[in-house]
>>> print(open('coords-v7.tsv').read())   # TSV, C-alpha atoms
chain	number	residue	atom	x	y	z
A	1376	ALA	CA	317.94	217.73	-39.15
A	1377	GLN	CA	314.92	219.92	-39.39
A	1378	THR	CA	315.44	223.42	-40.74
A	1379	VAL	CA	313.18	226.38	-41.26
A	1380	THR	CA	313.96	228.97	-43.93
A	1381	GLN	CA	312.54	232.44	-44.25
A	1382	SER	CA	314.03	233.88	-47.42
A	1383	GLN	CA	312.69	237.42	-47.01
A	1384	PRO	CA	314.67	239.32	-44.35
A	1385	GLU	CA	312.49	242.40	-44.85
A	1386	MET	CA	309.13	243.16	-46.42
A	1387	SER	CA	307.05	246.28	-46.80
A	1388	VAL	CA	303.32	246.72	-47.37
A	1389	GLN	CA	300.96	249.64	-47.68
A	1390	GLU	CA	298.28	250.01	-45.07
A	1391	ALA	CA	295.08	248.14	-46.06
A	1392	GLU	CA	296.96	246.04	-48.63
A	1393	THR	CA	297.76	242.33	-48.50
A	1394	VAL	CA	301.19	240.85	-47.94
A	1395	THR	CA	302.49	237.28	-47.95
A	1396	LEU	CA	305.48	236.11	-45.93
A	1397	SER	CA	307.15	232.93	-47.06
A	1398	CYS	CA	308.49	230.01	-45.06
A	1399	THR	CA	309.86	226.68	-46.15
A	1400	TYR	CA	310.98	223.82	-43.96
A	1401	ASP	CA	312.80	220.58	-44.33
A	1402	THR	CA	311.71	217.36	-42.67
A	1403	SER	CA	311.27	213.71	-43.51
A	1404	GLU	CA	308.46	213.31	-41.01
A	1405	SER	CA	304.74	213.39	-41.72
A	1406	ASP	CA	303.47	214.44	-38.31
A	1407	TYR	CA	304.49	217.91	-37.19
A	1408	TYR	CA	303.17	221.36	-36.37
A	1409	LEU	CA	303.88	224.77	-37.83
A	1410	PHE	CA	303.50	228.20	-36.28
A	1411	TRP	CA	303.81	231.86	-37.07
A	1412	TYR	CA	304.89	234.16	-34.25
A	1413	LYS	CA	304.88	237.94	-34.22
A	1414	GLN	CA	307.47	239.99	-32.35
A	1415	PRO	CA	306.63	243.72	-32.19
A	1416	PRO	CA	309.18	246.31	-31.04
A	1417	SER	CA	308.17	245.52	-27.46
A	1418	ARG	CA	310.00	242.18	-28.01
A	1419	GLN	CA	307.05	240.13	-26.85
A	1420	MET	CA	306.50	236.89	-28.76
A	1421	ILE	CA	302.88	236.49	-29.82
A	1422	LEU	CA	301.44	233.40	-31.47
A	1423	VAL	CA	299.64	234.41	-34.65
A	1424	ILE	CA	298.53	231.11	-36.12
A	1425	ARG	CA	299.24	227.38	-35.98
A	1426	GLN	CA	298.78	224.52	-38.42
A	1427	GLU	CA	298.77	220.78	-37.87
A	1428	ALA	CA	300.44	218.91	-40.72
A	1429	TYR	CA	297.73	216.25	-40.80
A	1430	LYS	CA	295.07	218.87	-41.56
A	1431	GLN	CA	294.66	219.77	-45.21
A	1432	GLN	CA	292.55	222.83	-44.46
A	1433	ASN	CA	294.55	226.02	-44.16
A	1434	ALA	CA	294.35	227.74	-40.77
A	1435	THR	CA	292.77	231.18	-40.51
A	1436	GLU	CA	292.68	233.71	-37.69
A	1437	ASN	CA	290.81	236.88	-38.62
A	1438	ARG	CA	293.04	238.79	-41.09
A	1439	PHE	CA	295.78	236.16	-40.90
A	1440	SER	CA	295.73	233.00	-42.97
A	1441	VAL	CA	298.24	230.44	-44.12
A	1442	ASN	CA	298.88	228.64	-47.36
A	1443	PHE	CA	300.13	225.22	-46.28
A	1444	GLN	CA	301.60	223.14	-49.08
A	1445	LYS	CA	302.74	219.92	-47.45
A	1446	ALA	CA	304.30	218.33	-50.51
A	1447	ALA	CA	306.28	221.48	-51.23
A	1448	LYS	CA	307.08	221.94	-47.51
A	1449	SER	CA	305.87	225.50	-47.69
A	1450	PHE	CA	303.98	227.46	-45.04
A	1451	SER	CA	303.33	231.07	-46.03
A	1452	LEU	CA	301.48	233.67	-43.98
A	1453	LYS	CA	299.04	236.05	-45.62
A	1454	ILE	CA	298.07	239.24	-43.85
A	1455	SER	CA	295.00	240.94	-45.31
A	1456	ASP	CA	293.98	244.55	-44.78
A	1457	SER	CA	297.36	245.33	-43.22
A	1458	GLN	CA	297.33	247.66	-40.26
A	1459	LEU	CA	300.05	249.79	-38.72
A	1460	GLY	CA	300.03	247.51	-35.70
A	1461	ASP	CA	301.05	244.58	-37.88
A	1462	ALA	CA	304.55	246.04	-38.19
A	1463	ALA	CA	306.81	243.53	-36.47
A	1464	MET	CA	309.29	240.73	-36.92
A	1465	TYR	CA	307.53	237.53	-37.96
A	1466	PHE	CA	308.97	234.12	-37.20
A	1467	CYS	CA	307.98	230.82	-38.72
A	1468	ALA	CA	308.47	227.82	-36.40
A	1469	PHE	CA	308.36	224.05	-36.72
A	1470	TYR	CA	307.64	221.49	-34.01
A	1471	ARG	CA	307.94	217.72	-34.19
A	1472	GLY	CA	306.69	215.73	-31.24
A	1473	ALA	CA	309.37	213.07	-31.52
A	1474	THR	CA	312.10	215.61	-30.72
A	1475	ASN	CA	310.06	218.01	-28.55
A	1476	LYS	CA	312.03	220.86	-30.09
A	1477	LEU	CA	310.61	224.06	-31.49
A	1478	ILE	CA	312.76	225.35	-34.38
A	1479	PHE	CA	312.45	228.93	-35.56
A	1480	GLY	CA	313.32	230.57	-38.85
A	1481	THR	CA	315.48	233.67	-38.99
A	1482	GLY	CA	312.52	236.03	-39.22
A	1483	THR	CA	311.02	238.55	-41.63
A	1484	LEU	CA	310.82	242.19	-40.60
A	1485	LEU	CA	307.54	243.63	-41.87
A	1486	ALA	CA	307.10	247.37	-42.27
A	1487	VAL	CA	303.63	248.83	-42.83
A	1488	GLN	CA	303.54	252.14	-44.70
A	1489	PRO	CA	300.69	254.57	-43.96
B	397	GLU	CA	297.22	237.77	-14.43
B	398	ALA	CA	298.67	234.81	-16.34
B	399	GLN	CA	302.29	235.49	-17.10
B	400	VAL	CA	305.84	234.30	-17.48
B	401	THR	CA	308.23	236.41	-15.44
B	402	GLN	CA	311.92	236.64	-16.21
B	403	ASN	CA	314.52	238.38	-14.11
B	404	PRO	CA	316.60	240.34	-14.62
B	405	ARG	CA	315.42	242.18	-17.73
B	406	TYR	CA	318.87	243.53	-18.41
B	407	LEU	CA	322.29	242.45	-17.17
B	408	ILE	CA	325.82	243.50	-18.01
B	409	THR	CA	328.49	241.30	-16.48
B	410	VAL	CA	332.01	240.02	-17.07
B	411	THR	CA	333.43	236.82	-18.42
B	412	GLY	CA	333.50	233.96	-15.95
B	413	LYS	CA	331.14	235.38	-13.34
B	414	LYS	CA	328.37	232.87	-12.74
B	415	LEU	CA	324.88	234.17	-13.29
B	416	THR	CA	321.33	232.90	-13.14
B	417	VAL	CA	318.32	234.14	-15.07
B	418	THR	CA	315.13	233.20	-13.31
B	419	CYS	CA	311.89	232.23	-14.99
B	420	SER	CA	308.61	231.71	-13.22
B	421	GLN	CA	305.11	231.00	-14.56
B	422	ASN	CA	301.82	231.14	-12.69
B	423	MET	CA	299.70	229.09	-15.08
B	424	ASN	CA	300.50	225.59	-13.81
B	425	HIS	CA	302.15	224.80	-17.13
B	426	GLU	CA	304.02	221.55	-17.63
B	427	TYR	CA	306.23	222.57	-20.57
B	428	MET	CA	308.89	225.24	-20.20
B	429	SER	CA	311.70	226.25	-22.48
B	430	TRP	CA	314.59	228.67	-22.93
B	431	TYR	CA	315.56	230.36	-26.20
B	432	ARG	CA	318.21	232.78	-27.26
B	433	GLN	CA	317.64	235.31	-30.01
B	434	ASP	CA	320.49	236.63	-32.12
B	435	PRO	CA	320.32	238.90	-35.18
B	436	GLY	CA	320.05	236.91	-38.38
B	437	LEU	CA	319.66	233.61	-36.50
B	438	GLY	CA	316.14	233.87	-35.13
B	439	LEU	CA	315.36	232.07	-31.89
B	440	ARG	CA	317.24	228.95	-30.98
B	441	GLN	CA	316.15	226.56	-28.27
B	442	ILE	CA	318.64	226.08	-25.44
B	443	TYR	CA	316.83	223.67	-23.12
B	444	TYR	CA	313.30	222.51	-22.61
B	445	SER	CA	311.43	220.71	-19.86
B	446	MET	CA	308.39	218.55	-20.52
B	447	ASN	CA	307.60	218.42	-16.79
B	448	VAL	CA	309.47	218.41	-13.48
B	449	GLU	CA	310.89	214.99	-14.26
B	450	VAL	CA	312.00	215.49	-17.85
B	451	THR	CA	314.48	218.11	-19.04
B	452	ASP	CA	316.48	217.87	-22.24
B	453	LYS	CA	318.83	219.79	-24.49
B	454	GLY	CA	317.67	221.97	-27.31
B	455	ASP	CA	319.81	222.94	-30.26
B	456	VAL	CA	322.33	225.19	-28.47
B	457	PRO	CA	322.82	223.88	-24.90
B	458	GLU	CA	326.59	224.36	-24.65
B	459	GLY	CA	327.57	226.63	-21.77
B	460	TYR	CA	324.15	226.55	-20.12
B	461	LYS	CA	322.47	224.60	-17.36
B	462	VAL	CA	318.88	224.47	-16.20
B	463	SER	CA	316.93	222.93	-13.36
B	464	ARG	CA	313.27	222.15	-12.82
B	465	LYS	CA	312.88	221.42	-9.13
B	466	GLU	CA	309.31	222.65	-9.11
B	467	LYS	CA	306.74	223.14	-11.81
B	468	ARG	CA	306.59	226.93	-11.80
B	469	ASN	CA	310.32	227.72	-11.99
B	470	PHE	CA	312.88	227.03	-14.68
B	471	PRO	CA	316.11	228.99	-14.09
B	472	LEU	CA	318.83	229.30	-16.72
B	473	ILE	CA	322.35	229.10	-15.32
B	474	LEU	CA	325.53	230.31	-16.97
B	475	GLU	CA	328.33	228.80	-14.89
B	476	SER	CA	331.15	230.62	-16.68
B	477	PRO	CA	329.67	233.16	-19.10
B	478	SER	CA	331.59	234.11	-22.21
B	479	PRO	CA	331.11	236.97	-24.69
B	480	ASN	CA	329.51	234.65	-27.26
B	481	GLN	CA	326.62	234.23	-24.84
B	482	THR	CA	325.71	237.89	-25.20
B	483	SER	CA	322.15	237.67	-26.48
B	484	LEU	CA	318.46	238.22	-25.85
B	485	TYR	CA	316.98	235.34	-23.88
B	486	PHE	CA	313.37	234.23	-23.69
B	487	CYS	CA	311.67	231.83	-21.36
B	488	ALA	CA	308.39	230.30	-22.49
B	489	SER	CA	305.79	227.96	-21.08
B	490	SER	CA	302.72	226.11	-22.27
B	491	LEU	CA	300.28	223.73	-20.68
B	492	TRP	CA	301.69	220.87	-22.68
B	493	ALA	CA	304.21	220.64	-25.50
B	494	PRO	CA	303.63	223.03	-28.42
B	495	THR	CA	301.51	220.45	-30.22
B	496	SER	CA	298.54	221.25	-28.07
B	497	ASN	CA	295.95	223.92	-28.62
B	498	GLN	CA	297.48	225.84	-25.76
B	499	PRO	CA	299.83	228.53	-27.06
B	500	GLN	CA	303.27	229.14	-25.68
B	501	HIS	CA	303.46	232.13	-23.36
B	502	PHE	CA	306.71	234.02	-23.58
B	503	GLY	CA	308.39	236.15	-20.98
B	504	ASP	CA	309.45	239.71	-21.82
B	505	GLY	CA	313.04	238.72	-22.50
B	506	THR	CA	316.38	239.21	-20.76
B	507	ARG	CA	319.12	241.17	-22.47
B	508	LEU	CA	322.49	239.77	-21.39
B	509	SER	CA	325.79	241.42	-22.21
B	510	ILE	CA	328.97	239.52	-21.31
B	511	LEU	CA	332.09	241.68	-21.46
>>> encode(input="coords-v7.tsv", output="structure tokens")
Amino acid sequence: AQTVTQSQPEMSVQEAETVTLSCTYDTSESDYYLFWYKQPPSRQMILVIRQEAYKQQNATENRFSVNFQKAAKSFSLKISDSQLGDAAMYFCAFYRGATNKLIFGTGTLLAVQP
Amino acid sequence: EAQVTQNPRYLITVTGKKLTVTCSQNMNHEYMSWYRQDPGLGLRQIYYSMNVEVTDKGDVPEGYKVSRKEKRNFPLILESPSPNQTSLYFCASSLWAPTSNQPQHFGDGTRLSIL
């Protein structure tokens, strides 16, 4: 069974600094997709970034980038120049087309200190 | 405005009283899904629907039913709710399955409390 592990329940970063959230997953497949979602206090779920496993290049979206290590089954999220609005719960998620299921990690609560 | 609408937003009810949480999307999306969110467990998929003809179980389907009679609606039904179904529920939709470049749109969530 596929699993997604986020080992950091809580993280804290100073405004304007950089923080990295970790995510590891377990699968025997080679074709899958990985996502990071942000959930602010409003409870909305917002897609931050996605990565296709067949792409070696790490995805980037403005201040958000990933470090995708396929062999290590690691998918970390780096937030640069952290802003107060980045404070939220962040979920890593895994999708494999063969099962059509989206599996989420347990989340990392990020606090941004002014 | 493109959106996924869930109702109700909050509900407190008692064990055994059937309830339905509605979900409607106005984006002509094929893929719809239900999740529950519990502290320390993240989001877990209850059911998903690839299109109006295909609906299947997620990881935690026990005690839930769904239907997809038309593309825009995907209600979640609790026939006999129990306290362990107290949770925050999200409906989501996307044009196709999450593999596509189209992101999943989430509703605002429904907080259910089963006493």
>>> closest_atom_pairs(input="coords-v7.tsv", of="chain B", to="chain A", cutoff="10 Å", atoms="all atoms listed in the file", output="tab-separated table")
residue	atom	partner	partner_atom	distance
B:Tyr427	CA	A:Asn1475	CA	10.0
B:Ser429	CA	A:Lys1476	CA	9.3
B:Tyr431	CA	A:Leu1477	CA	9.6
B:Gln433	CA	A:Thr1481	CA	9.4
B:Asp434	CA	A:Thr1481	CA	9.0
B:Pro435	CA	A:Thr1481	CA	8.1
B:Gly436	CA	A:Thr1481	CA	5.6
B:Leu437	CA	A:Thr1481	CA	4.9
B:Gly438	CA	A:Thr1481	CA	3.9
B:Leu439	CA	A:Phe1479	CA	5.6
B:Arg440	CA	A:Phe1479	CA	6.6
B:Gln441	CA	A:Leu1477	CA	6.9
B:Ile442	CA	A:Lys1476	CA	9.6
B:Tyr443	CA	A:Lys1476	CA	8.9
B:Tyr444	CA	A:Lys1476	CA	7.8
B:Ser445	CA	A:Asn1475	CA	9.2
B:Met446	CA	A:Asn1475	CA	8.2
B:Asp452	CA	A:Asn1475	CA	9.0
B:Lys453	CA	A:Lys1476	CA	8.9
B:Gly454	CA	A:Lys1476	CA	6.4
B:Asp455	CA	A:Lys1476	CA	8.1
B:Leu484	CA	A:Arg1418	CA	9.6
B:Phe486	CA	A:Met1420	CA	8.9
B:Ala488	CA	A:Met1420	CA	9.3
B:Ala493	CA	A:Asn1475	CA	7.1
B:Pro494	CA	A:Tyr1470	CA	7.0
B:Thr495	CA	A:Tyr1408	CA	6.4
B:Ser496	CA	A:Tyr1408	CA	9.5
B:Asn497	CA	A:Arg1425	CA	8.8
B:Pro499	CA	A:Leu1422	CA	6.8
B:Gln500	CA	A:Leu1422	CA	7.4
B:His501	CA	A:Met1420	CA	7.8
B:Phe502	CA	A:Met1420	CA	5.9
B:Gly503	CA	A:Gln1419	CA	7.2
B:Asp504	CA	A:Gln1419	CA	5.6
B:Gly505	CA	A:Arg1418	CA	7.2
>>> write_last_selection(input="coords-v7.tsv", atoms="C-alpha atoms", output="PDB file, in the coordinates of the input")
ATOM      1  CA  TYR B 427     306.230 222.570 -20.570  1.00  0.00           C
ATOM      2  CA  SER B 429     311.700 226.250 -22.480  1.00  0.00           C
ATOM      3  CA  TYR B 431     315.560 230.360 -26.200  1.00  0.00           C
ATOM      4  CA  GLN B 433     317.640 235.310 -30.010  1.00  0.00           C
ATOM      5  CA  ASP B 434     320.490 236.630 -32.120  1.00  0.00           C
ATOM      6  CA  PRO B 435     320.320 238.900 -35.180  1.00  0.00           C
ATOM      7  CA  GLY B 436     320.050 236.910 -38.380  1.00  0.00           C
ATOM      8  CA  LEU B 437     319.660 233.610 -36.500  1.00  0.00           C
ATOM      9  CA  GLY B 438     316.140 233.870 -35.130  1.00  0.00           C
ATOM     10  CA  LEU B 439     315.360 232.070 -31.890  1.00  0.00           C
ATOM     11  CA  ARG B 440     317.240 228.950 -30.980  1.00  0.00           C
ATOM     12  CA  GLN B 441     316.150 226.560 -28.270  1.00  0.00           C
ATOM     13  CA  ILE B 442     318.640 226.080 -25.440  1.00  0.00           C
ATOM     14  CA  TYR B 443     316.830 223.670 -23.120  1.00  0.00           C
ATOM     15  CA  TYR B 444     313.300 222.510 -22.610  1.00  0.00           C
ATOM     16  CA  SER B 445     311.430 220.710 -19.860  1.00  0.00           C
ATOM     17  CA  MET B 446     308.390 218.550 -20.520  1.00  0.00           C
ATOM     18  CA  ASP B 452     316.480 217.870 -22.240  1.00  0.00           C
ATOM     19  CA  LYS B 453     318.830 219.790 -24.490  1.00  0.00           C
ATOM     20  CA  GLY B 454     317.670 221.970 -27.310  1.00  0.00           C
ATOM     21  CA  ASP B 455     319.810 222.940 -30.260  1.00  0.00           C
ATOM     22  CA  LEU B 484     318.460 238.220 -25.850  1.00  0.00           C
ATOM     23  CA  PHE B 486     313.370 234.230 -23.690  1.00  0.00           C
ATOM     24  CA  ALA B 488     308.390 230.300 -22.490  1.00  0.00           C
ATOM     25  CA  ALA B 493     304.210 220.640 -25.500  1.00  0.00           C
ATOM     26  CA  PRO B 494     303.630 223.030 -28.420  1.00  0.00           C
ATOM     27  CA  THR B 495     301.510 220.450 -30.220  1.00  0.00           C
ATOM     28  CA  SER B 496     298.540 221.250 -28.070  1.00  0.00           C
ATOM     29  CA  ASN B 497     295.950 223.920 -28.620  1.00  0.00           C
ATOM     30  CA  PRO B 499     299.830 228.530 -27.060  1.00  0.00           C
ATOM     31  CA  GLN B 500     303.270 229.140 -25.680  1.00  0.00           C
ATOM     32  CA  HIS B 501     303.460 232.130 -23.360  1.00  0.00           C
ATOM     33  CA  PHE B 502     306.710 234.020 -23.580  1.00  0.00           C
ATOM     34  CA  GLY B 503     308.390 236.150 -20.980  1.00  0.00           C
ATOM     35  CA  ASP B 504     309.450 239.710 -21.820  1.00  0.00           C
ATOM     36  CA  GLY B 505     313.040 238.720 -22.500  1.00  0.00           C
TER      37      GLY B 505
END
>>> atom_distance(input="coords-v7.tsv", atom1="atom CA of B:Ile510", atom2="atom CA of B:Cys487")
18.9 Å
>>> atom_distance(input="coords-v7.tsv", atom1="atom CA of B:Val450", atom2="atom CA of B:Asn422")
19.4 Å
>>> atom_distance(input="coords-v7.tsv", atom1="atom CA of A:Tyr1412", atom2="atom CA of B:Glu397")
21.6 Å
>>> closest_residue(input="coords-v7.tsv", among="A:Leu1396, A:Val1441, A:Ala1473, A:Ala1462", to="A:Val1487", atoms="only C-alpha atoms")
A:Ala1462
>>> closest_residue(input="coords-v7.tsv", among="B:Glu449, B:Phe470, B:Ser476, B:Arg432", to="B:Thr401", atoms="all atoms listed in the file")
B:Phe470
>>> residues_around(input="coords-v7.tsv", residues="stretch 1444-1448 of chain A", least_positions_apart="2", cutoff="9 Å", atoms="only C-alpha atoms", output="list of chain:residue names")
A:Cys1398, A:Thr1399, A:Tyr1400, A:Asp1401, A:Thr1402, A:Ser1405, A:Ala1428, A:Gln1431, A:Asn1442, A:Phe1450, A:Ser1451
>>> closest_residue(input="coords-v7.tsv", among="B:Cys419, B:Ile473, B:Leu491, B:Leu508", to="B:Asn447", atoms="all atoms listed in the file")
B:Leu491
>>> closest_residue(input="coords-v7.tsv", among="A:Asp1461, A:Ala1434, A:Phe1443, A:Ser1397", to="A:Lys1413", atoms="only C-alpha atoms")
A:Asp1461
>>> axis_aligned_box(input="coords-v7.tsv", around="stretch 413-429 of chain B", padding_each_side="5 Å", output="lines of an AutoDock Vina configuration file")
center_x = 315.4
center_y = 228.5
center_z = -17.6
size_x = 41.4
size_y = 23.8
size_z = 19.8
>>> residues_around(input="coords-v7.tsv", residues="A:Ala1391", least_positions_apart="5", cutoff="7 Å", atoms="only C-alpha atoms", output="mmCIF file with C-alpha atoms, in the frame of the given file")
data_model
loop_
_atom_site.group_PDB
_atom_site.id
_atom_site.type_symbol
_atom_site.label_atom_id
_atom_site.label_comp_id
_atom_site.auth_asym_id
_atom_site.auth_seq_id
_atom_site.Cartn_x
_atom_site.Cartn_y
_atom_site.Cartn_z
ATOM 1 C CA ASP A 1456 293.980 244.550 -44.780
ATOM 2 C CA SER A 1457 297.360 245.330 -43.220
ATOM 3 C CA GLN A 1458 297.330 247.660 -40.260
#
